[in-house]
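Taking it in order: structure first as structure tokens, then the write-up.
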2 protein chains.
Amino acid sequence: MNPNPLFPTKDTLGINTDLYELTMAAAYFQAGCAERRATFELFTRKLPAQRSFLVAAGLEQALHYILNVTFSDRTLDFLQSLPNFERVDPKFFDYLRKFRFSGDVFALPEGTVCFGQEPLLQVSGPVIESQILETFLINTLNFQTTVASKASRLCLAAGNRGVMDFGTRRAHSPQAGVEAARAAFIGGCQGTSNVLAGFEMGIPVVGTMAHSFVQFFEDEAEAFARYQAAFPEHTTFLVDTYDTLKGVEKAAKLGGKMVGVRLDSGNLHELAVKAREILDRHDRTDVHIFASGNLDEGKIQGLTLADVPINAFGAGTDLVVSSDAPSCDMVYKLVEVFETGVPEPRMKTSQAKVTTPFRKQVFRRLAAGGFDGDLICRCDEEPPAAGEYQPLLKQYLRAGELCEILPDVESIRTYAQEQLALLPSAYKLLHSSEEYPVEFSRELIQARESLQRKL
Amino acid sequence: MNPNPLFPTKDTLGINTDLYELTMAAAYFQAGCAERRATFELFTRKLPAQRSFLVAAGLEQALHYILNVTFSDRTLDFLQSLPNFERVDPKFFDYLRKFRFSGDVFALPEGTVCFGQEPLLQVSGPVIESQILETFLINTLNFQTTVASKASRLCLAAGNRGVMDFGTRRAHSPQAGVEAARAAFIGGCQGTSNVLAGFEMGIPVVGTMAHSFVQFFEDEAEAFARYQAAFPEHTTFLVDTYDTLKGVEKAAKLGGKMVGVRLDSGNLHELAVKAREILDRHDRTDVHIFASGNLDEGKIQGLTLADVPINAFGAGTDLVVSSDAPSCDMVYKLVEVFETGVPEPRMKTSQAKVTTPFRKQVFRRLAAGGFDGDLICRCDEEPPAAGEYQPLLKQYLRAGELCEILPDVESIRTYAQEQLALLPSAYKLLHSSEEYPVEFSRELIQARESLQRKL
């Protein structure tokens with residue numbers, strides 16, 4: 001048996017999902033109501049602990065999915081062979097054979113700073129189509145948003161110093177490594193160690209050497225010299241394989257050009273100060289100091305506040321798995337069903353999971369050079385008159401076709417930084433006790449209350 | 001611009017890695033020592049908090065990578081265009097164009113219960129080849145081992161009740177969803193909601209319905225009837241969209257066959273007891289109760305110990321991102337370099353990150369129907385004479401070719417369960433204070449000490 005790579009492919013996109021999306025699709029189909037239009041909204045009920053905001057990311061991959069999801073013959077044969085589907089009308093599989101999403105999609109542009117309860121994505125179309133998309137859309141937006149939000153925290157903690165993504169090895173699958181590199185860049189990182197992210201998206205790729213390279217040679221100085229010979233203009237030396245400060249000394253004495261030294265273990269505060277002294281003593285004032293090694297935003301902030309002479313940080317595990325909050329717990333909820341062209345509200349009433357009916361628009365109030373509160377309205381409500389309100393959700397798909405130009409990651413990153421600059425600083429503290437004001441319009445509150453009474 | 005899916009492909013395997021693997025490769029190449037043989041070992045220094053053991057997983061995908069990693073022309077053009085590589089000899093890129101791993105690989109069979117310091121994988125070959133593999137191998141083994149280990153905890157907590165993987169939507173990328181389904185099954189889950197995992201590997205796929213399906217119809221009972229009509233033999237009703245117990249009542253009254261009801265929110269203990277009463281009162285004693293909704297091993301154990309009438313659990317986020325320990329922090333370390341055919345030891349001496357030189361074998365002592373301690377020896381040491389010792393590491397690749405038959409996931413899962421049955425119960429507690437005894441042989445300790453003095 002040849003080993004199976006488990007790579008996602010276009011050919012299997014349709015079944016790259018939870019079974020219940022397809023059982024529900026079959027039930028809609030057999031009930032004769034598959035083509036009735038419905039709207040689903042994707043959002044996070046409540047931000048994870050320690051988070052006062054999110055940075056939306058992952059839309060591009062979500063749109064690729066929506067535009068390309070189909071069911072190939074071999075995957076349909078498999079589905080039809082499952083015991084669950086044995087009594088399902090074969091016409092359902094003919095339907096899937098021709099499946100193509102034909103509806104509309106609205107979303108927050110990637111890089112938008114957003115909050116709990118705010119829809120990141122809305123899908124309107126025949127209920128069978130909109131339902132089938134659920135799992136993959138949550139998967140893609142939840143992960144990239146989680147990492148982009150985490151990255152923004154690390155970058156805020158680092159102040160003017162740069163943060164690099166070094167997390168690919170600890171990402172959850174090879175694809176997660178590339179998606180994390182993208183999201184980390186959107187969230188504010190300056191570059192990534194992931195070469196494929198550079199190839200696919202032009203994200204700056206960075207890297208030095210591993211301890212193994214130093215160990216391979218008989219002598220640390222020889223390892224440094226060998227590396228410098230190959231990269232005379234781009235050498236950063238990893239100095240902590242044996243004795244960190246002796247390593248710095250050896251690097252400083254080597255001569256030739258070097259970009260920096262990297263500290264990857266030990267007391268980074270103390271080592272950075274001493275490394276700076278050694279470098280300066282050797283007239284290497286232009287050589288940068290990079291720090292890495294299980295860094296999170298707390299440690300980075302500590303080093304930054306102490307004004308330790310570190311020029312940039314590398315973050316790995318903590319960034320790409322978002323250790324303290326590895327999920328934003330996004331959900332995809334039915335909010336309306338169209339009967340004879342008019343949207344009928346839908347909501348859930350179960351404990352702690354109440355939803356709000358109807359498709360929405362999010363209006364953001366701009367005041368005194370910053371954001372000052374969001375108002376969630378029905379999509380066709382008049383925006384509030386007072387103040388200056390900016391609608392956030394944009395249409396990306398119309399009748400199944402892309403109707404908006406997608407920006408490159410560099411532009412998304414710039415937009416995210418503009419957004420963060422407008423977010424009042426109280427919400428940008430690592431441990432914020434402030435909750436950004438997000439309100440529902442009176443119309444939505446009334447719709448929710450009246451429906452709740454009815455159900 | 002067409003949206004980019006960021007799917008991993010065979011064509012880009014070579015650059016699906018950290019930049020520094022390739023800069024080090026270039027430096028080895030230019031230094032003329034690329035072909036000197038070296039051994040790297042992949043292991044976890046210390047188990048994550050709350051973990052007393054790991055379940056090895058991900059080897060099949062790791063072997064796929066090793067057997068298939070190459071560099072395509074378009075990815076090499078990209079590499080060569082990076083500023084870092086501008087002074088690198090063009091012959092290096094010709095070398096990569098012909099790249100194919102030619103060395104040996106030893107590993108723990110998937111499903112093996114293992115511990116900190118024990119190599120999960122060993123790569124021996126020309127240093128340039130062995131180095132290049134690092135990032136992808138850590139990525140793949142770290143993630144699947146993390147999830148398989150987490151799954152085993154959830155399953156131990158569930159006792160005789162089944163646990164299903166419902167986590168695809170919260171997995172870190174679509175590929176992570178499928179890899180997590182595989183690892184969860186290996187760790188003891190009975191099935192997954194991930195259809196692709198069923199298609200690719202034959203893992204049993206399971207699923208019910210979403211709240212949206214219930215909401216879509218005017219009436220909960222109508223939704224149940226519609227679903228049952230499509231799946232007369234395989235109906236499980238989600239009963240908590242509005243009022244859970246009323247939902248159970250409606251399902252019980254519906255008539256026809258049903259497999260079970262699913263509770264997804266609220267006080268599961270109380271609701272399950274009452275749901276059981278309602279079902280039994282309607283002579284539905286054969287109907288199962290499934291529970292889900294942010295479950296972790298602690299909650300599952302609580303429900304199991306209270307002997308609540310729940311037949312099986314669904315686990316989502318907590319399982320597939322391994323929330324409390326989203327990484328095993330695996331590392332890939334150089335342990336020996338061959339000079340004239342003889343292995344020279346290599347190790348790291350930096351604080352808290354000391355390694356042990358030489359390629360190793362792990363011997364497990366079997367006693368009184370269980371494991372009773374592991375001894376890590378040099379690979380060519382005589383196994384200890386007393387007691388019964390079982391060597392754990394097996395050879396999978398010889399001179400770049402697969403030399404061992406890979407089992408299917410069902411067999412791996414069975415093997416993992418056998419392994420867990422042999423692990424003394426003290427280590428299987430959710431909060432164990434016991435540390436399984438893992439020792440290094442005297443020969444390895446001496447080698448480490450003598451090298452440490454030298455460095």
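Just remember, in the structure tokens the first chain shown is A, the second B, etc., residues are 1-based per chain, and ligands are 1-based in the order shown.
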Provide as a PyMOL selection string the residues of chain B at most 6 Å from chain A, counting only C-alpha atoms. chain B and resi 3+5+8+15-20+27+60-61+64+84+88+135+138-140+143+169-170+172-173+175-176+193-196+207-209+212+227+230+234+241-242+334+348-350
Filtering to N, CA and C atoms, could you give me those residues as a short mmCIF file (atom, residue, chain, number, x, y, z; two decimals), in the first residue's frame?
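Final output, saved to part_16.cif:
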```cif
data_model
loop_
_atom_site.label_atom_id
_atom_site.label_comp_id
_atom_site.auth_asym_id
_atom_site.auth_seq_id
_atom_site.Cartn_x
_atom_site.Cartn_y
_atom_site.Cartn_z
N PRO B 3 -9.29 33.34 -6.61
CA PRO B 3 -8.90 33.01 -5.23
C PRO B 3 -7.99 31.79 -5.18
N PRO B 5 -6.51 28.53 -3.34
CA PRO B 5 -6.97 27.59 -2.32
C PRO B 5 -5.93 27.25 -1.26
N PRO B 8 -1.96 21.94 -0.40
CA PRO B 8 -0.65 21.32 -0.63
C PRO B 8 -0.72 20.41 -1.87
N ILE B 15 9.23 22.86 -1.40
CA ILE B 15 9.30 24.18 -0.74
C ILE B 15 8.22 24.33 0.34
N ASN B 16 7.51 23.25 0.64
CA ASN B 16 6.52 23.29 1.71
C ASN B 16 7.27 23.09 3.03
N THR B 17 8.11 24.05 3.34
CA THR B 17 9.04 23.90 4.47
C THR B 17 9.53 25.27 4.94
N ASP B 18 10.33 25.26 6.00
CA ASP B 18 10.96 26.49 6.47
C ASP B 18 12.17 26.83 5.60
N LEU B 19 12.32 28.12 5.35
CA LEU B 19 13.43 28.56 4.50
C LEU B 19 14.78 28.03 4.99
N TYR B 20 14.95 27.96 6.30
CA TYR B 20 16.30 27.64 6.78
C TYR B 20 16.74 26.22 6.45
N ALA B 27 24.32 25.78 2.20
CA ALA B 27 25.61 25.94 2.88
C ALA B 27 26.37 24.61 2.94
N GLU B 60 2.35 7.55 8.28
CA GLU B 60 2.03 7.29 6.87
C GLU B 60 2.18 8.56 6.02
N GLN B 61 1.67 9.68 6.52
CA GLN B 61 1.79 10.93 5.76
C GLN B 61 3.24 11.41 5.73
N HIS B 64 4.89 9.33 3.05
CA HIS B 64 4.50 9.83 1.72
C HIS B 64 5.39 11.01 1.35
N ASN B 84 18.15 36.10 -0.75
CA ASN B 84 19.05 35.25 0.06
C ASN B 84 19.95 34.38 -0.78
N VAL B 88 24.42 32.09 -4.17
CA VAL B 88 24.57 30.64 -4.06
C VAL B 88 24.87 30.04 -5.44
N THR B 135 11.20 20.12 8.68
CA THR B 135 9.98 20.87 9.00
C THR B 135 8.71 20.07 8.72
N ILE B 138 8.22 17.14 11.25
CA ILE B 138 7.73 17.58 12.57
C ILE B 138 6.26 17.95 12.45
N ASN B 139 5.95 18.73 11.43
CA ASN B 139 4.57 19.18 11.23
C ASN B 139 3.59 18.01 11.27
N THR B 140 3.90 16.99 10.50
CA THR B 140 2.96 15.88 10.33
C THR B 140 2.86 15.01 11.57
N PHE B 143 1.32 16.97 14.83
CA PHE B 143 -0.13 17.19 14.85
C PHE B 143 -0.89 15.89 15.07
N ARG B 169 -14.92 21.30 11.48
CA ARG B 169 -15.15 22.74 11.28
C ARG B 169 -14.18 23.61 12.07
N ARG B 170 -13.67 23.09 13.16
CA ARG B 170 -12.77 23.90 13.99
C ARG B 170 -11.32 23.47 13.84
N HIS B 172 -7.65 23.21 12.06
CA HIS B 172 -6.83 24.26 11.49
C HIS B 172 -6.53 23.99 10.03
N SER B 173 -7.48 24.29 9.18
CA SER B 173 -7.40 24.08 7.73
C SER B 173 -8.17 22.80 7.36
N GLN B 175 -7.18 20.36 5.46
CA GLN B 175 -6.32 19.18 5.60
C GLN B 175 -6.25 18.74 7.05
N ALA B 176 -6.18 19.68 7.96
CA ALA B 176 -6.13 19.32 9.38
C ALA B 176 -7.39 18.56 9.79
N SER B 193 -17.24 12.67 11.69
CA SER B 193 -18.21 13.33 10.81
C SER B 193 -17.59 13.65 9.46
N ASN B 194 -16.29 13.50 9.33
CA ASN B 194 -15.57 13.92 8.12
C ASN B 194 -15.73 12.89 6.99
N VAL B 195 -16.47 13.28 5.97
CA VAL B 195 -16.77 12.35 4.88
C VAL B 195 -15.52 11.94 4.12
N LEU B 196 -14.64 12.90 3.91
CA LEU B 196 -13.41 12.60 3.17
C LEU B 196 -12.57 11.54 3.88
N GLY B 207 -23.27 11.16 11.45
CA GLY B 207 -23.81 12.51 11.43
C GLY B 207 -25.29 12.52 11.66
N THR B 208 -25.79 13.63 12.15
CA THR B 208 -27.22 13.75 12.40
C THR B 208 -27.78 14.90 11.56
N MET B 209 -28.15 15.95 12.22
CA MET B 209 -28.67 17.14 11.55
C MET B 209 -28.21 18.34 12.34
N SER B 212 -30.08 24.30 12.12
CA SER B 212 -30.68 25.01 10.99
C SER B 212 -31.75 24.17 10.30
N TYR B 227 -36.85 14.52 7.95
CA TYR B 227 -35.53 13.86 8.02
C TYR B 227 -35.71 12.35 8.05
N ALA B 230 -36.29 10.67 4.77
CA ALA B 230 -35.11 10.45 3.92
C ALA B 230 -34.21 9.34 4.47
N HIS B 234 -31.79 5.30 9.65
CA HIS B 234 -30.60 5.93 10.24
C HIS B 234 -30.90 7.32 10.78
N THR B 241 -33.04 22.45 19.66
CA THR B 241 -33.11 23.74 18.97
C THR B 241 -33.97 24.74 19.75
N TYR B 242 -35.07 24.26 20.31
CA TYR B 242 -35.94 25.16 21.08
C TYR B 242 -35.99 24.71 22.55
N LEU B 334 20.03 16.59 15.46
CA LEU B 334 21.18 15.87 14.94
C LEU B 334 21.82 15.08 16.07
N LYS B 348 23.50 18.93 21.78
CA LYS B 348 23.33 20.34 22.09
C LYS B 348 23.55 20.48 23.58
N THR B 349 24.21 21.55 24.01
CA THR B 349 24.45 21.70 25.44
C THR B 349 23.71 22.90 26.02
N SER B 350 22.96 23.63 25.18
CA SER B 350 22.34 24.85 25.72
C SER B 350 21.30 24.51 26.78
#
```
Quiz prompt | stretch 160-261 of chain A: residues DSSP assigns to strand (DSSP E or B), reported as a ChimeraX atom specification | solution = /A:162-165,191-192,194,205,236-238,260-261
Worksheet entry | Pick from A:Val342, A:Cys114, A:Leu47, A:Leu254 nearest to A:Leu420, counting only C-alpha atoms |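 Between A:Val342, A:Cys114, A:Leu47, A:Leu254, the residue approaching A:Leu420 most closely is A:Cys114.
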Give me the residues within 8 Å of A:Asp296 as a list in words, counting only C-alpha atoms and dropping any in the same chain fewer than 3 places off.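 Residues meeting the cut-off are Leu154, Lys299, Ile300, Ala315, Asp318 and Leu319 of chain A.
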Which neighbours of A:Thr304 fall inside 9 Å, counting only C-alpha atoms, when residues of the same chain fewer than 2 positions from it are skipped, and could you give them as a ChimeraX atom specification? /A:157-161,299-302,306-310
Exercise. Of the residues A:Met164, A:Ile412, A:Leu375, A:Val273, which is the one nearest to A:Tyr436, using only C-alpha atoms?
Worked result: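 Of A:Met164, A:Ile412, A:Leu375, A:Val273, the one nearest A:Tyr436, counting only C-alpha atoms, is A:Leu375.
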Contacts of B:Ala251 at 9 Å (only C-alpha atoms; same-chain gap of 6+ positions) as an NGL selection string: :B and (221 or 224-225 or 237 or 239 or 258 or 261 or 279)
Find the residues near stretch 438-448 of chain B: any atom within 9 Å, counting only C-alpha atoms, skip ones fewer than 3 places away on the same chain, and give them as a count of residues only.
23
Based on DSSP run over this structure's backbone, return all residues of stretch 202-403 of chain A in alpha helix (DSSP H), as an mmCIF file with N, CA and C atoms, in the first residue's frame.
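Result file is part.cif:
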```
data_model
loop_
_atom_site.group_PDB
_atom_site.id
_atom_site.type_symbol
_atom_site.label_atom_id
_atom_site.label_comp_id
_atom_site.auth_asym_id
_atom_site.auth_seq_id
_atom_site.Cartn_x
_atom_site.Cartn_y
_atom_site.Cartn_z
ATOM 1 N N HIS A 211 20.223 24.537 15.060
ATOM 2 C CA HIS A 211 21.323 24.078 15.910
ATOM 3 C C HIS A 211 22.090 22.941 15.253
ATOM 4 N N SER A 212 21.360 22.122 14.505
ATOM 5 C CA SER A 212 22.024 20.969 13.883
ATOM 6 C C SER A 212 23.149 21.408 12.946
ATOM 7 N N PHE A 213 22.960 22.544 12.273
ATOM 8 C CA PHE A 213 23.998 23.010 11.353
ATOM 9 C C PHE A 213 25.277 23.325 12.123
ATOM 10 N N VAL A 214 25.102 23.950 13.263
ATOM 11 C CA VAL A 214 26.261 24.282 14.098
ATOM 12 C C VAL A 214 26.917 23.008 14.623
ATOM 13 N N GLN A 215 26.069 22.052 15.029
ATOM 14 C CA GLN A 215 26.599 20.804 15.595
ATOM 15 C C GLN A 215 27.318 19.951 14.557
ATOM 16 N N PHE A 216 26.864 20.072 13.317
ATOM 17 C CA PHE A 216 27.415 19.198 12.277
ATOM 18 C C PHE A 216 28.924 19.380 12.163
ATOM 19 N N GLU A 220 32.119 25.486 16.290
ATOM 20 C CA GLU A 220 31.053 26.479 16.059
ATOM 21 C C GLU A 220 31.508 27.553 15.064
ATOM 22 N N ALA A 221 32.750 28.002 15.226
ATOM 23 C CA ALA A 221 33.242 29.060 14.339
ATOM 24 C C ALA A 221 33.304 28.566 12.892
ATOM 25 N N GLU A 222 33.646 27.289 12.732
ATOM 26 C CA GLU A 222 33.692 26.750 11.365
ATOM 27 C C GLU A 222 32.289 26.752 10.757
ATOM 28 N N ALA A 223 31.294 26.352 11.572
ATOM 29 C CA ALA A 223 29.904 26.347 11.075
ATOM 30 C C ALA A 223 29.508 27.750 10.619
ATOM 31 N N PHE A 224 29.844 28.746 11.454
ATOM 32 C CA PHE A 224 29.502 30.123 11.090
ATOM 33 C C PHE A 224 30.178 30.523 9.773
ATOM 34 N N ALA A 225 31.439 30.197 9.660
ATOM 35 C CA ALA A 225 32.181 30.584 8.460
ATOM 36 C C ALA A 225 31.604 29.920 7.208
ATOM 37 N N ARG A 226 31.216 28.659 7.350
ATOM 38 C CA ARG A 226 30.647 27.936 6.214
ATOM 39 C C ARG A 226 29.338 28.565 5.755
ATOM 40 N N TYR A 227 28.550 28.948 6.737
ATOM 41 C CA TYR A 227 27.260 29.530 6.407
ATOM 42 C C TYR A 227 27.454 30.891 5.743
ATOM 43 N N GLN A 228 28.371 31.664 6.302
ATOM 44 C CA GLN A 228 28.614 32.993 5.758
ATOM 45 C C GLN A 228 29.157 32.920 4.328
ATOM 46 N N ALA A 229 29.926 31.887 4.079
ATOM 47 C CA ALA A 229 30.476 31.732 2.723
ATOM 48 C C ALA A 229 29.348 31.558 1.703
ATOM 49 N N ALA A 230 28.282 30.882 2.103
ATOM 50 C CA ALA A 230 27.174 30.658 1.181
ATOM 51 C C ALA A 230 26.262 31.877 1.079
ATOM 52 N N THR A 244 25.909 30.660 24.724
ATOM 53 C CA THR A 244 25.376 31.747 23.905
ATOM 54 C C THR A 244 26.360 32.907 23.736
ATOM 55 N N LEU A 245 26.925 33.376 24.832
ATOM 56 C CA LEU A 245 27.765 34.578 24.717
ATOM 57 C C LEU A 245 29.085 34.276 24.002
ATOM 58 N N LYS A 246 29.597 33.073 24.233
ATOM 59 C CA LYS A 246 30.789 32.685 23.441
ATOM 60 C C LYS A 246 30.431 32.620 21.959
ATOM 61 N N GLY A 247 29.212 32.178 21.695
ATOM 62 C CA GLY A 247 28.739 32.121 20.311
ATOM 63 C C GLY A 247 28.682 33.507 19.683
ATOM 64 N N VAL A 248 28.200 34.484 20.456
ATOM 65 C CA VAL A 248 28.136 35.867 19.953
ATOM 66 C C VAL A 248 29.553 36.372 19.671
ATOM 67 N N GLU A 249 30.423 36.082 20.586
ATOM 68 C CA GLU A 249 31.834 36.494 20.452
ATOM 69 C C GLU A 249 32.440 35.930 19.153
ATOM 70 N N LYS A 250 32.192 34.652 18.928
ATOM 71 C CA LYS A 250 32.734 34.019 17.712
ATOM 72 C C LYS A 250 32.160 34.663 16.458
ATOM 73 N N ALA A 251 30.867 34.937 16.494
ATOM 74 C CA ALA A 251 30.241 35.559 15.326
ATOM 75 C C ALA A 251 30.821 36.953 15.085
ATOM 76 N N ALA A 252 30.983 37.697 16.189
ATOM 77 C CA ALA A 252 31.468 39.075 16.065
ATOM 78 C C ALA A 252 32.891 39.124 15.508
ATOM 79 N N LYS A 253 33.675 38.121 15.895
ATOM 80 C CA LYS A 253 35.095 38.116 15.479
ATOM 81 C C LYS A 253 35.303 37.641 14.047
ATOM 82 N N LEU A 268 16.439 35.618 27.822
ATOM 83 C CA LEU A 268 16.623 36.470 26.640
ATOM 84 C C LEU A 268 16.952 37.911 27.020
ATOM 85 N N HIS A 269 16.384 38.361 28.108
ATOM 86 C CA HIS A 269 16.643 39.719 28.581
ATOM 87 C C HIS A 269 18.142 39.922 28.819
ATOM 88 N N GLU A 270 18.656 39.081 29.695
ATOM 89 C CA GLU A 270 20.066 39.184 30.081
ATOM 90 C C GLU A 270 20.997 38.927 28.889
ATOM 91 N N LEU A 271 20.665 37.879 28.117
ATOM 92 C CA LEU A 271 21.531 37.512 27.001
ATOM 93 C C LEU A 271 21.555 38.604 25.929
ATOM 94 N N ALA A 272 20.396 39.225 25.692
ATOM 95 C CA ALA A 272 20.349 40.253 24.650
ATOM 96 C C ALA A 272 21.201 41.458 25.050
ATOM 97 N N VAL A 273 21.115 41.850 26.315
ATOM 98 C CA VAL A 273 21.912 42.987 26.780
ATOM 99 C C VAL A 273 23.409 42.689 26.623
ATOM 100 N N LYS A 274 23.783 41.479 27.054
ATOM 101 C CA LYS A 274 25.213 41.138 26.960
ATOM 102 C C LYS A 274 25.664 40.940 25.515
ATOM 103 N N ALA A 275 24.783 40.380 24.702
ATOM 104 C CA ALA A 275 25.130 40.180 23.291
ATOM 105 C C ALA A 275 25.339 41.533 22.608
ATOM 106 N N ARG A 276 24.468 42.479 22.967
ATOM 107 C CA ARG A 276 24.594 43.833 22.385
ATOM 108 C C ARG A 276 25.950 44.439 22.771
ATOM 109 N N GLU A 277 26.335 44.271 24.035
ATOM 110 C CA GLU A 277 27.629 44.804 24.490
ATOM 111 C C GLU A 277 28.784 44.197 23.704
ATOM 112 N N ILE A 278 28.717 42.881 23.549
ATOM 113 C CA ILE A 278 29.799 42.201 22.822
ATOM 114 C C ILE A 278 29.863 42.705 21.379
ATOM 115 N N LEU A 279 28.693 42.773 20.751
ATOM 116 C CA LEU A 279 28.672 43.215 19.353
ATOM 117 C C LEU A 279 29.190 44.644 19.222
ATOM 118 N N ASP A 280 28.733 45.499 20.116
ATOM 119 C CA ASP A 280 29.167 46.900 20.046
ATOM 120 C C ASP A 280 30.671 47.022 20.290
ATOM 121 N N ARG A 281 31.142 46.238 21.243
ATOM 122 C CA ARG A 281 32.582 46.263 21.538
ATOM 123 C C ARG A 281 33.418 45.889 20.303
ATOM 124 N N GLU A 297 2.819 36.531 23.532
ATOM 125 C CA GLU A 297 2.700 37.989 23.601
ATOM 126 C C GLU A 297 3.102 38.543 24.968
ATOM 127 N N GLY A 298 2.911 37.757 26.024
ATOM 128 C CA GLY A 298 3.306 38.222 27.347
ATOM 129 C C GLY A 298 4.815 38.384 27.455
ATOM 130 N N LYS A 299 5.544 37.347 27.004
ATOM 131 C CA LYS A 299 7.014 37.422 27.065
ATOM 132 C C LYS A 299 7.532 38.537 26.148
ATOM 133 N N ILE A 300 6.930 38.651 24.978
ATOM 134 C CA ILE A 300 7.368 39.700 24.037
ATOM 135 C C ILE A 300 7.121 41.078 24.643
ATOM 136 N N GLN A 301 5.965 41.262 25.254
ATOM 137 C CA GLN A 301 5.684 42.563 25.860
ATOM 138 C C GLN A 301 6.658 42.864 26.991
ATOM 139 N N GLY A 302 6.966 41.832 27.784
ATOM 140 C CA GLY A 302 7.923 42.031 28.871
ATOM 141 C C GLY A 302 9.264 42.521 28.345
ATOM 142 N N LEU A 303 9.744 41.908 27.296
ATOM 143 C CA LEU A 303 11.039 42.294 26.728
ATOM 144 C C LEU A 303 10.967 43.681 26.100
ATOM 145 N N THR A 304 9.832 43.966 25.468
ATOM 146 C CA THR A 304 9.678 45.263 24.800
ATOM 147 C C THR A 304 9.596 46.391 25.821
ATOM 148 N N LEU A 305 8.797 46.179 26.876
ATOM 149 C CA LEU A 305 8.651 47.215 27.899
ATOM 150 C C LEU A 305 9.970 47.477 28.619
ATOM 151 N N THR A 317 5.100 28.048 17.786
ATOM 152 C CA THR A 317 3.916 27.328 18.260
ATOM 153 C C THR A 317 2.806 28.260 18.724
ATOM 154 N N ASP A 318 3.151 29.160 19.616
ATOM 155 C CA ASP A 318 2.118 29.992 20.231
ATOM 156 C C ASP A 318 1.323 30.784 19.194
ATOM 157 N N LEU A 319 2.002 31.198 18.136
ATOM 158 C CA LEU A 319 1.337 31.951 17.072
ATOM 159 C C LEU A 319 0.464 31.060 16.195
ATOM 160 N N VAL A 320 1.040 30.010 15.635
ATOM 161 C CA VAL A 320 0.291 29.286 14.595
ATOM 162 C C VAL A 320 -0.762 28.331 15.135
#
```
